[in-house]
>>> print(open('upload00.tsv').read())   # TSV, N, CA and C atoms
chain	number	residue	atom	x	y	z
Q	1	GLN	N	5.86	-13.54	17.65
Q	1	GLN	CA	5.81	-12.52	16.61
Q	1	GLN	C	6.53	-13.05	15.38
Q	2	VAL	N	5.89	-12.90	14.24
Q	2	VAL	CA	6.47	-13.32	12.97
Q	2	VAL	C	7.07	-12.10	12.29
Q	3	VAL	N	8.34	-12.20	11.93
Q	3	VAL	CA	9.00	-11.12	11.22
Q	3	VAL	C	9.32	-11.62	9.82
Q	4	LEU	N	8.76	-10.96	8.83
Q	4	LEU	CA	9.01	-11.34	7.45
Q	4	LEU	C	9.98	-10.35	6.84
Q	5	PRO	N	11.03	-10.83	6.21
Q	5	PRO	CA	11.99	-9.91	5.60
Q	5	PRO	C	11.39	-9.23	4.38
Q	6	LEU	N	11.87	-8.05	4.12
Q	6	LEU	CA	11.41	-7.26	2.98
Q	6	LEU	C	12.31	-7.57	1.79
Q	7	LEU	N	11.72	-8.06	0.73
Q	7	LEU	CA	12.48	-8.45	-0.46
Q	7	LEU	C	13.11	-7.22	-1.10
Q	8	ASP	N	14.41	-7.29	-1.36
Q	8	ASP	CA	15.13	-6.18	-1.98
Q	8	ASP	C	15.42	-6.45	-3.45
Q	9	THR	N	15.53	-7.70	-3.82
Q	9	THR	CA	15.76	-8.08	-5.21
Q	9	THR	C	14.44	-7.98	-5.97
Q	10	ASP	N	14.52	-7.54	-7.21
Q	10	ASP	CA	13.33	-7.39	-8.05
Q	10	ASP	C	12.59	-8.73	-8.17
Q	11	LEU	N	11.31	-8.73	-7.82
Q	11	LEU	CA	10.51	-9.96	-7.84
Q	11	LEU	C	10.41	-10.56	-9.24
Q	12	LEU	N	10.27	-9.72	-10.26
Q	12	LEU	CA	10.18	-10.24	-11.63
Q	12	LEU	C	11.46	-11.00	-12.00
Q	13	THR	N	12.59	-10.48	-11.59
Q	13	THR	CA	13.87	-11.16	-11.86
Q	13	THR	C	13.87	-12.55	-11.23
Q	14	ILE	N	13.40	-12.65	-10.00
Q	14	ILE	CA	13.35	-13.93	-9.30
Q	14	ILE	C	12.38	-14.88	-10.01
Q	15	MET	N	11.20	-14.37	-10.36
Q	15	MET	CA	10.20	-15.22	-11.02
Q	15	MET	C	10.71	-15.73	-12.37
Q	16	GLN	N	11.38	-14.87	-13.13
Q	16	GLN	CA	11.92	-15.30	-14.42
Q	16	GLN	C	13.02	-16.34	-14.21
Q	17	ALA	N	13.83	-16.15	-13.18
Q	17	ALA	CA	14.90	-17.12	-12.90
Q	17	ALA	C	14.32	-18.47	-12.49
Q	18	VAL	N	13.23	-18.46	-11.74
Q	18	VAL	CA	12.58	-19.73	-11.37
Q	18	VAL	C	12.07	-20.42	-12.63
Q	19	THR	N	11.42	-19.65	-13.50
Q	19	THR	CA	10.88	-20.21	-14.74
Q	19	THR	C	12.00	-20.77	-15.62
Q	20	ASN	N	13.12	-20.05	-15.67
Q	20	ASN	CA	14.24	-20.46	-16.51
Q	20	ASN	C	15.18	-21.45	-15.83
Q	21	GLU	N	14.84	-21.82	-14.57
Q	21	GLU	CA	15.67	-22.72	-13.78
Q	21	GLU	C	17.09	-22.18	-13.60
Q	22	THR	N	17.19	-20.86	-13.37
Q	22	THR	CA	18.50	-20.22	-13.16
Q	22	THR	C	18.52	-19.44	-11.84
Q	23	LEU	N	17.68	-19.83	-10.90
Q	23	LEU	CA	17.61	-19.09	-9.64
Q	23	LEU	C	18.94	-19.09	-8.89
Q	24	SER	N	19.72	-20.14	-9.05
Q	24	SER	CA	21.02	-20.18	-8.36
Q	24	SER	C	21.96	-19.08	-8.85
Q	25	ASP	N	21.67	-18.51	-10.01
Q	25	ASP	CA	22.50	-17.43	-10.55
Q	25	ASP	C	22.07	-16.04	-10.04
Q	26	VAL	N	20.95	-15.97	-9.33
Q	26	VAL	CA	20.41	-14.69	-8.86
Q	26	VAL	C	20.79	-14.49	-7.40
Q	27	ASP	N	21.32	-13.32	-7.10
Q	27	ASP	CA	21.66	-12.96	-5.72
Q	27	ASP	C	20.42	-12.35	-5.07
Q	28	VAL	N	19.64	-13.20	-4.42
Q	28	VAL	CA	18.41	-12.73	-3.78
Q	28	VAL	C	18.77	-12.04	-2.46
Q	29	LYS	N	18.34	-10.78	-2.36
Q	29	LYS	CA	18.68	-9.99	-1.17
Q	29	LYS	C	17.42	-9.50	-0.47
Q	30	PHE	N	17.55	-9.32	0.82
Q	30	PHE	CA	16.47	-8.80	1.64
Q	30	PHE	C	16.96	-7.53	2.33
Q	31	ALA	N	16.03	-6.59	2.52
Q	31	ALA	CA	16.36	-5.31	3.14
Q	31	ALA	C	15.98	-5.34	4.62
Q	32	ASP	N	16.78	-4.70	5.43
Q	32	ASP	CA	16.49	-4.57	6.86
Q	32	ASP	C	15.66	-3.31	7.06
Q	33	LYS	N	14.45	-3.35	6.52
Q	33	LYS	CA	13.54	-2.21	6.57
Q	33	LYS	C	12.15	-2.70	6.93
Q	34	SER	N	11.24	-1.76	7.09
Q	34	SER	CA	9.85	-2.09	7.41
Q	34	SER	C	8.93	-1.45	6.38
Q	35	ALA	N	7.75	-2.05	6.22
Q	35	ALA	CA	6.76	-1.52	5.29
Q	35	ALA	C	5.40	-1.45	5.96
Q	36	CYS	N	4.59	-0.53	5.48
Q	36	CYS	CA	3.22	-0.39	5.96
Q	36	CYS	C	2.34	0.03	4.79
Q	37	CYS	N	1.17	-0.59	4.69
Q	37	CYS	CA	0.20	-0.24	3.66
Q	37	CYS	C	-1.12	0.10	4.33
Q	38	VAL	N	-1.63	1.29	4.06
Q	38	VAL	CA	-2.92	1.71	4.56
Q	38	VAL	C	-3.90	1.71	3.39
Q	39	ILE	N	-5.00	0.99	3.55
Q	39	ILE	CA	-6.02	0.90	2.51
Q	39	ILE	C	-7.01	2.05	2.67
Q	40	MET	N	-7.28	2.74	1.57
Q	40	MET	CA	-8.34	3.74	1.54
Q	40	MET	C	-9.53	3.12	0.84
Q	41	ALA	N	-10.67	3.20	1.50
Q	41	ALA	CA	-11.89	2.61	0.98
Q	41	ALA	C	-12.95	3.68	0.82
Q	42	SER	N	-14.03	3.31	0.17
Q	42	SER	CA	-15.20	4.18	0.09
Q	42	SER	C	-16.02	3.98	1.35
Q	43	ASN	N	-16.41	5.08	1.97
Q	43	ASN	CA	-17.18	4.99	3.20
Q	43	ASN	C	-18.42	4.12	2.97
Q	44	GLY	N	-18.66	3.19	3.89
Q	44	GLY	CA	-19.77	2.25	3.75
Q	44	GLY	C	-19.32	0.87	3.33
Q	45	TYR	N	-18.10	0.77	2.79
Q	45	TYR	CA	-17.55	-0.53	2.40
Q	45	TYR	C	-17.47	-1.40	3.64
Q	46	PRO	N	-17.82	-2.66	3.62
Q	46	PRO	CA	-18.06	-3.51	2.46
Q	46	PRO	C	-19.53	-3.60	2.07
Q	47	LYS	N	-20.40	-2.91	2.75
Q	47	LYS	CA	-21.83	-3.02	2.44
Q	47	LYS	C	-22.19	-2.10	1.29
Q	48	ALA	N	-22.84	-1.00	1.58
Q	48	ALA	CA	-23.28	-0.08	0.53
Q	48	ALA	C	-22.36	1.14	0.50
Q	49	TYR	N	-21.92	1.51	-0.68
Q	49	TYR	CA	-21.05	2.68	-0.82
Q	49	TYR	C	-21.30	3.30	-2.19
Q	50	ASP	N	-21.08	4.60	-2.26
Q	50	ASP	CA	-21.21	5.31	-3.52
Q	50	ASP	C	-19.89	5.25	-4.26
Q	51	LYS	N	-19.92	5.41	-5.56
Q	51	LYS	CA	-18.70	5.45	-6.36
Q	51	LYS	C	-18.83	6.52	-7.43
Q	52	GLY	N	-17.75	6.74	-8.14
Q	52	GLY	CA	-17.76	7.76	-9.18
Q	52	GLY	C	-17.16	9.09	-8.74
Q	53	PHE	N	-16.47	9.09	-7.59
Q	53	PHE	CA	-15.86	10.32	-7.09
Q	53	PHE	C	-14.46	10.48	-7.66
Q	54	GLU	N	-14.14	11.69	-8.09
Q	54	GLU	CA	-12.82	11.96	-8.64
Q	54	GLU	C	-11.76	11.89	-7.55
Q	55	MET	N	-10.63	11.26	-7.90
Q	55	MET	CA	-9.50	11.12	-6.96
Q	55	MET	C	-8.37	12.05	-7.35
Q	56	THR	N	-7.70	12.56	-6.32
Q	56	THR	CA	-6.48	13.34	-6.52
Q	56	THR	C	-5.37	12.67	-5.74
Q	57	ILE	N	-4.35	12.24	-6.46
Q	57	ILE	CA	-3.18	11.59	-5.85
Q	57	ILE	C	-1.97	12.44	-6.21
Q	58	PRO	N	-1.29	13.03	-5.21
Q	58	PRO	CA	-0.12	13.86	-5.52
Q	58	PRO	C	0.94	13.09	-6.30
Q	59	ALA	N	1.52	13.72	-7.29
Q	59	ALA	CA	2.51	13.08	-8.16
Q	59	ALA	C	3.69	12.52	-7.38
Q	60	GLU	N	4.11	13.21	-6.33
Q	60	GLU	CA	5.31	12.78	-5.59
Q	60	GLU	C	5.12	11.47	-4.82
Q	61	ILE	N	3.89	11.02	-4.65
Q	61	ILE	CA	3.66	9.73	-3.97
Q	61	ILE	C	3.04	8.68	-4.88
Q	62	SER	N	2.76	9.03	-6.11
Q	62	SER	CA	2.00	8.14	-7.00
Q	62	SER	C	2.69	6.78	-7.22
Q	63	ASN	N	4.02	6.71	-7.14
Q	63	ASN	CA	4.71	5.43	-7.32
Q	63	ASN	C	4.50	4.49	-6.14
Q	64	ASN	N	3.97	5.01	-5.03
Q	64	ASN	CA	3.77	4.20	-3.83
Q	64	ASN	C	2.29	4.01	-3.53
Q	65	VAL	N	1.43	4.35	-4.49
Q	65	VAL	CA	-0.01	4.20	-4.32
Q	65	VAL	C	-0.49	3.18	-5.34
Q	66	TYR	N	-1.15	2.13	-4.84
Q	66	TYR	CA	-1.60	1.04	-5.68
Q	66	TYR	C	-3.12	1.09	-5.78
Q	67	VAL	N	-3.60	1.51	-6.94
Q	67	VAL	CA	-5.01	1.75	-7.17
Q	67	VAL	C	-5.68	0.43	-7.57
Q	68	ALA	N	-6.84	0.15	-6.95
Q	68	ALA	CA	-7.57	-1.08	-7.24
Q	68	ALA	C	-9.00	-0.78	-7.70
Q	69	GLY	N	-9.80	-0.17	-6.85
Q	69	GLY	CA	-11.20	0.08	-7.14
Q	69	GLY	C	-11.40	1.43	-7.78
Q	70	ALA	N	-10.98	1.56	-9.04
Q	70	ALA	CA	-11.07	2.84	-9.74
Q	70	ALA	C	-11.20	2.60	-11.23
Q	71	LYS	N	-11.57	3.67	-11.93
Q	71	LYS	CA	-11.62	3.59	-13.38
Q	71	LYS	C	-11.27	4.97	-13.95
Q	72	LEU	N	-10.82	4.97	-15.18
Q	72	LEU	CA	-10.55	6.21	-15.90
Q	72	LEU	C	-11.78	6.54	-16.73
Q	73	ALA	N	-12.26	7.78	-16.60
Q	73	ALA	CA	-13.40	8.23	-17.39
Q	73	ALA	C	-13.18	9.68	-17.75
Q	74	ASP	N	-13.15	9.96	-19.04
Q	74	ASP	CA	-12.92	11.32	-19.53
Q	74	ASP	C	-11.64	11.92	-18.97
Q	75	GLY	N	-10.60	11.11	-18.87
Q	75	GLY	CA	-9.31	11.58	-18.39
Q	75	GLY	C	-9.23	11.78	-16.88
Q	76	LYS	N	-10.26	11.35	-16.15
Q	76	LYS	CA	-10.27	11.51	-14.69
Q	76	LYS	C	-10.26	10.15	-14.03
Q	77	LEU	N	-9.55	10.04	-12.92
Q	77	LEU	CA	-9.52	8.82	-12.14
Q	77	LEU	C	-10.65	8.88	-11.12
Q	78	LEU	N	-11.60	7.92	-11.24
Q	78	LEU	CA	-12.78	7.91	-10.40
Q	78	LEU	C	-12.85	6.65	-9.55
Q	79	THR	N	-13.39	6.79	-8.34
Q	79	THR	CA	-13.59	5.61	-7.51
Q	79	THR	C	-14.60	4.71	-8.20
Q	80	ASP	N	-14.37	3.39	-8.11
Q	80	ASP	CA	-15.28	2.45	-8.76
Q	80	ASP	C	-15.36	1.14	-7.99
Q	81	GLY	N	-15.02	1.19	-6.71
Q	81	GLY	CA	-15.07	-0.01	-5.90
Q	81	GLY	C	-15.00	0.35	-4.44
Q	82	GLY	N	-15.08	-0.66	-3.59
Q	82	GLY	CA	-15.05	-0.43	-2.16
Q	82	GLY	C	-13.65	-0.17	-1.64
Q	83	ARG	N	-12.73	-1.07	-1.96
Q	83	ARG	CA	-11.32	-0.90	-1.57
Q	83	ARG	C	-10.65	-0.15	-2.72
Q	84	VAL	N	-10.48	1.13	-2.56
Q	84	VAL	CA	-10.06	2.00	-3.66
Q	84	VAL	C	-8.57	1.92	-3.94
Q	85	LEU	N	-7.73	2.02	-2.90
Q	85	LEU	CA	-6.29	2.04	-3.12
Q	85	LEU	C	-5.54	1.70	-1.85
Q	86	GLY	N	-4.25	1.44	-2.01
Q	86	GLY	CA	-3.36	1.20	-0.88
Q	86	GLY	C	-2.17	2.13	-0.98
Q	87	ALA	N	-1.88	2.84	0.10
Q	87	ALA	CA	-0.71	3.72	0.17
Q	87	ALA	C	0.37	2.99	0.97
Q	88	THR	N	1.49	2.70	0.32
Q	88	THR	CA	2.53	1.87	0.93
Q	88	THR	C	3.82	2.65	1.09
Q	89	ALA	N	4.37	2.57	2.31
Q	89	ALA	CA	5.64	3.24	2.60
Q	89	ALA	C	6.65	2.22	3.12
Q	90	ILE	N	7.90	2.45	2.78
Q	90	ILE	CA	9.02	1.65	3.28
Q	90	ILE	C	9.95	2.60	4.02
Q	91	ALA	N	10.39	2.19	5.20
Q	91	ALA	CA	11.27	3.04	6.00
Q	91	ALA	C	12.21	2.16	6.83
Q	92	ASP	N	13.16	2.79	7.49
Q	92	ASP	CA	14.11	2.06	8.32
Q	92	ASP	C	13.45	1.42	9.54
Q	93	THR	N	12.39	2.05	10.05
Q	93	THR	CA	11.69	1.50	11.21
Q	93	THR	C	10.20	1.35	10.90
Q	94	LEU	N	9.54	0.48	11.64
Q	94	LEU	CA	8.11	0.30	11.46
Q	94	LEU	C	7.37	1.58	11.81
Q	95	GLU	N	7.80	2.25	12.85
Q	95	GLU	CA	7.16	3.50	13.26
Q	95	GLU	C	7.18	4.51	12.12
Q	96	ASP	N	8.32	4.65	11.46
Q	96	ASP	CA	8.44	5.60	10.35
Q	96	ASP	C	7.61	5.17	9.14
Q	97	ALA	N	7.57	3.86	8.86
Q	97	ALA	CA	6.77	3.37	7.73
Q	97	ALA	C	5.29	3.66	7.97
Q	98	ILE	N	4.83	3.44	9.19
Q	98	ILE	CA	3.43	3.72	9.51
Q	98	ILE	C	3.14	5.21	9.35
Q	99	ALA	N	4.00	6.05	9.90
Q	99	ALA	CA	3.80	7.50	9.81
Q	99	ALA	C	3.79	7.97	8.35
Q	100	LYS	N	4.69	7.45	7.54
Q	100	LYS	CA	4.74	7.84	6.13
Q	100	LYS	C	3.48	7.40	5.38
Q	101	SER	N	2.98	6.20	5.67
Q	101	SER	CA	1.76	5.74	5.02
Q	101	SER	C	0.58	6.65	5.36
Q	102	TYR	N	0.48	7.03	6.62
Q	102	TYR	CA	-0.62	7.92	7.02
Q	102	TYR	C	-0.45	9.32	6.42
Q	103	ASP	N	0.78	9.79	6.28
Q	103	ASP	CA	1.00	11.07	5.60
Q	103	ASP	C	0.50	11.00	4.16
Q	104	MET	N	0.74	9.86	3.51
Q	104	MET	CA	0.29	9.69	2.14
Q	104	MET	C	-1.23	9.73	2.05
Q	105	VAL	N	-1.92	8.94	2.89
Q	105	VAL	CA	-3.38	8.91	2.77
Q	105	VAL	C	-4.00	10.26	3.09
Q	106	LYS	N	-3.37	11.03	3.95
Q	106	LYS	CA	-3.89	12.36	4.26
Q	106	LYS	C	-3.79	13.31	3.06
Q	107	SER	N	-2.88	13.00	2.14
Q	107	SER	CA	-2.71	13.88	0.97
Q	107	SER	C	-3.53	13.43	-0.24
Q	108	ILE	N	-4.13	12.24	-0.16
Q	108	ILE	CA	-4.95	11.71	-1.25
Q	108	ILE	C	-6.39	12.13	-0.99
Q	109	LYS	N	-7.04	12.64	-2.03
Q	109	LYS	CA	-8.39	13.18	-1.85
Q	109	LYS	C	-9.41	12.48	-2.76
Q	110	PHE	N	-10.52	12.09	-2.16
Q	110	PHE	CA	-11.73	11.73	-2.88
Q	110	PHE	C	-12.89	11.74	-1.88
Q	111	GLU	N	-14.06	12.09	-2.39
Q	111	GLU	CA	-15.23	12.18	-1.53
Q	111	GLU	C	-15.57	10.81	-0.96
Q	112	ASN	N	-16.01	10.78	0.29
Q	112	ASN	CA	-16.38	9.56	1.00
Q	112	ASN	C	-15.20	8.64	1.30
Q	113	ALA	N	-13.98	9.20	1.32
Q	113	ALA	CA	-12.81	8.38	1.63
Q	113	ALA	C	-12.83	7.96	3.09
Q	114	TYR	N	-12.41	6.72	3.32
Q	114	TYR	CA	-12.34	6.18	4.68
Q	114	TYR	C	-11.09	5.31	4.79
Q	115	TYR	N	-10.42	5.41	5.93
Q	115	TYR	CA	-9.32	4.49	6.22
Q	115	TYR	C	-9.24	4.29	7.72
Q	116	ARG	N	-8.78	3.12	8.10
Q	116	ARG	CA	-8.61	2.81	9.52
Q	116	ARG	C	-7.44	3.60	10.08
Q	117	THR	N	-7.52	3.91	11.35
Q	117	THR	CA	-6.44	4.67	11.98
Q	117	THR	C	-5.62	3.81	12.95
Q	118	ASP	N	-5.87	2.51	12.94
Q	118	ASP	CA	-5.15	1.63	13.86
Q	118	ASP	C	-4.15	0.72	13.15
Q	119	ILE	N	-3.90	0.96	11.89
Q	119	ILE	CA	-2.99	0.09	11.12
Q	119	ILE	C	-1.59	0.15	11.75
Q	120	GLY	N	-1.06	-1.00	12.06
Q	120	GLY	CA	0.29	-1.09	12.62
Q	120	GLY	C	0.36	-1.07	14.13
Q	121	LYS	N	-0.72	-0.70	14.81
Q	121	LYS	CA	-0.67	-0.59	16.27
Q	121	LYS	C	-0.38	-1.94	16.93
Q	122	LYS	N	-1.00	-3.02	16.46
Q	122	LYS	CA	-0.75	-4.34	17.03
Q	122	LYS	C	0.70	-4.75	16.83
Q	123	ALA	N	1.23	-4.46	15.66
Q	123	ALA	CA	2.62	-4.82	15.37
Q	123	ALA	C	3.57	-4.03	16.28
Q	124	LEU	N	3.25	-2.76	16.51
Q	124	LEU	CA	4.10	-1.96	17.39
Q	124	LEU	C	4.04	-2.46	18.82
Q	125	MET	N	2.83	-2.85	19.27
Q	125	MET	CA	2.68	-3.38	20.63
Q	125	MET	C	3.43	-4.70	20.78
Q	126	ALA	N	3.36	-5.55	19.78
Q	126	ALA	CA	4.07	-6.83	19.83
Q	126	ALA	C	5.58	-6.61	19.84
Q	127	LYS	N	6.01	-5.61	19.12
Q	127	LYS	CA	7.43	-5.29	19.04
Q	127	LYS	C	7.94	-4.82	20.40
Q	128	GLU	N	7.12	-4.05	21.10
Q	128	GLU	CA	7.50	-3.52	22.40
Q	128	GLU	C	7.44	-4.60	23.48
Q	129	GLY	N	6.50	-5.55	23.33
Q	129	GLY	CA	6.27	-6.56	24.36
Q	129	GLY	C	7.12	-7.75	24.19
>>> encode(input="upload00.tsv", output="structure tokens")
Amino acid sequence: QVVLPLLDTDLLTIMQAVTNETLSDVDVKFADKSACCVIMASNGYPKAYDKGFEMTIPAEISNNVYVAGAKLADGKLLTDGGRVLGATAIADTLEDAIAKSYDMVKSIKFENAYYRTDIGKKALMAKEG
């Protein structure tokens, strides 16, 4: 099982320090936490799928939702691709991060939304075994 640490230091700070050759001056820290990202897609992806459906993303989770296949039209956020967005949660345990990610996707609305329900199961099984 591969365990990757979760970066706690701002990535832009690290990248700028690398560019400026001052990385030794940056205190790079990692968090002892877990993360999970559940992708919401348009039903039918990757083959044929409809687009142009209005999305509703609750304001309280919007900072943890990364929109990809969408466009703004007349002030509305519309689906415009197969892989529409990723809902990402960070928590103290992997179990909690998975649960929080699924809570987020359940609160995001758009017609023809689809997401897998097995995200994280392999990681949890490996952790237990």
>>> residues_around(input="upload00.tsv", residues="Cys36 (chain Q)", least_positions_apart="6", cutoff="6.5 Å", atoms="all atoms listed in the file", output="JSON, numbers by chain")
{"Q": [87, 88, 89, 90, 91, 97, 98, 101]}
>>> write_last_selection(input="upload00.tsv", atoms="N, CA and C atoms", output="CSV table (one decimal), in the coordinates of the input")
chain,number,residue,atom,x,y,z
Q,87,ALA,N,-1.9,2.8,0.1
Q,87,ALA,CA,-0.7,3.7,0.2
Q,87,ALA,C,0.4,3.0,1.0
Q,88,THR,N,1.5,2.7,0.3
Q,88,THR,CA,2.5,1.9,0.9
Q,88,THR,C,3.8,2.6,1.1
Q,89,ALA,N,4.4,2.6,2.3
Q,89,ALA,CA,5.6,3.2,2.6
Q,89,ALA,C,6.6,2.2,3.1
Q,90,ILE,N,7.9,2.4,2.8
Q,90,ILE,CA,9.0,1.6,3.3
Q,90,ILE,C,10.0,2.6,4.0
Q,91,ALA,N,10.4,2.2,5.2
Q,91,ALA,CA,11.3,3.0,6.0
Q,91,ALA,C,12.2,2.2,6.8
Q,97,ALA,N,7.6,3.9,8.9
Q,97,ALA,CA,6.8,3.4,7.7
Q,97,ALA,C,5.3,3.7,8.0
Q,98,ILE,N,4.8,3.4,9.2
Q,98,ILE,CA,3.4,3.7,9.5
Q,98,ILE,C,3.1,5.2,9.4
Q,101,SER,N,3.0,6.2,5.7
Q,101,SER,CA,1.8,5.7,5.0
Q,101,SER,C,0.6,6.6,5.4
>>> closest_residue(input="upload00.tsv", among="Q:Asp80, Q:Asp27, Q:Asp118, Q:Asp96", to="Met55 (chain Q)", atoms="only C-alpha atoms")
Q:Asp80
>>> select_by_dssp(input="upload00.tsv", residues="chain Q", states="strand (DSSP E)", output="ChimeraX atom specification")
/Q:6-7,30-31,34-42,65-67,70-73,76-79,83-91,113-114
>>> atom_distance(input="upload00.tsv", atom1="atom C of Ser107 (chain Q)", atom2="atom C of Asp74 (chain Q)")
20.5 Å
>>> atom_distance(input="upload00.tsv", atom1="atom N of Glu60 (chain Q)", atom2="atom C of Arg83 (chain Q)")
20.2 Å
>>> atom_distance(input="upload00.tsv", atom1="atom N of Phe53 (chain Q)", atom2="CA of Ala41 (chain Q)")
11.7 Å
>>> residues_around(input="upload00.tsv", residues="Leu77 (chain Q)", least_positions_apart="2", cutoff="5 Å", atoms="all atoms listed in the file", output="mmCIF file with N, CA and C atoms, in the coordinates of the input")
data_model
loop_
_atom_site.group_PDB
_atom_site.id
_atom_site.type_symbol
_atom_site.label_atom_id
_atom_site.label_comp_id
_atom_site.auth_asym_id
_atom_site.auth_seq_id
_atom_site.Cartn_x
_atom_site.Cartn_y
_atom_site.Cartn_z
ATOM 1 N N GLU Q 54 -14.140 11.690 -8.090
ATOM 2 C CA GLU Q 54 -12.820 11.960 -8.640
ATOM 3 C C GLU Q 54 -11.760 11.890 -7.550
ATOM 4 N N MET Q 55 -10.630 11.260 -7.900
ATOM 5 C CA MET Q 55 -9.500 11.120 -6.960
ATOM 6 C C MET Q 55 -8.370 12.050 -7.350
ATOM 7 N N LYS Q 71 -11.570 3.670 -11.930
ATOM 8 C CA LYS Q 71 -11.620 3.590 -13.380
ATOM 9 C C LYS Q 71 -11.270 4.970 -13.950
ATOM 10 N N LEU Q 72 -10.820 4.970 -15.180
ATOM 11 C CA LEU Q 72 -10.550 6.210 -15.900
ATOM 12 C C LEU Q 72 -11.780 6.540 -16.730
ATOM 13 N N GLY Q 75 -10.600 11.110 -18.870
ATOM 14 C CA GLY Q 75 -9.310 11.580 -18.390
ATOM 15 C C GLY Q 75 -9.230 11.780 -16.880
ATOM 16 N N THR Q 79 -13.390 6.790 -8.340
ATOM 17 C CA THR Q 79 -13.590 5.610 -7.510
ATOM 18 C C THR Q 79 -14.600 4.710 -8.200
#
>>> select_by_dssp(input="upload00.tsv", residues="region 5-85 of chain Q", states="alpha helix (DSSP H)", output="PyMOL selection string")
chain Q and resi 11-19
>>> closest_residue(input="upload00.tsv", among="Q:Ile108, Q:Gly86, Q:Tyr114, Q:Gly52", to="Val67 (chain Q)", atoms="all atoms listed in the file")
Q:Gly86
>>> closest_atom_pairs(input="upload00.tsv", of="region 23-77 of chain Q", to="region 2-19 of chain Q", cutoff="5 Å", atoms="only N, CA and C atoms", output="JSON lines")
{"residue": "Q:Leu23", "atom": "N", "partner": "Q:Ala17", "partner_atom": "C", "distance": 4.0}
{"residue": "Q:Lys29", "atom": "C", "partner": "Q:Asp8", "partner_atom": "N", "distance": 3.8}
{"residue": "Q:Phe30", "atom": "CA", "partner": "Q:Asp8", "partner_atom": "N", "distance": 3.9}
{"residue": "Q:Ala31", "atom": "N", "partner": "Q:Leu6", "partner_atom": "C", "distance": 3.9}
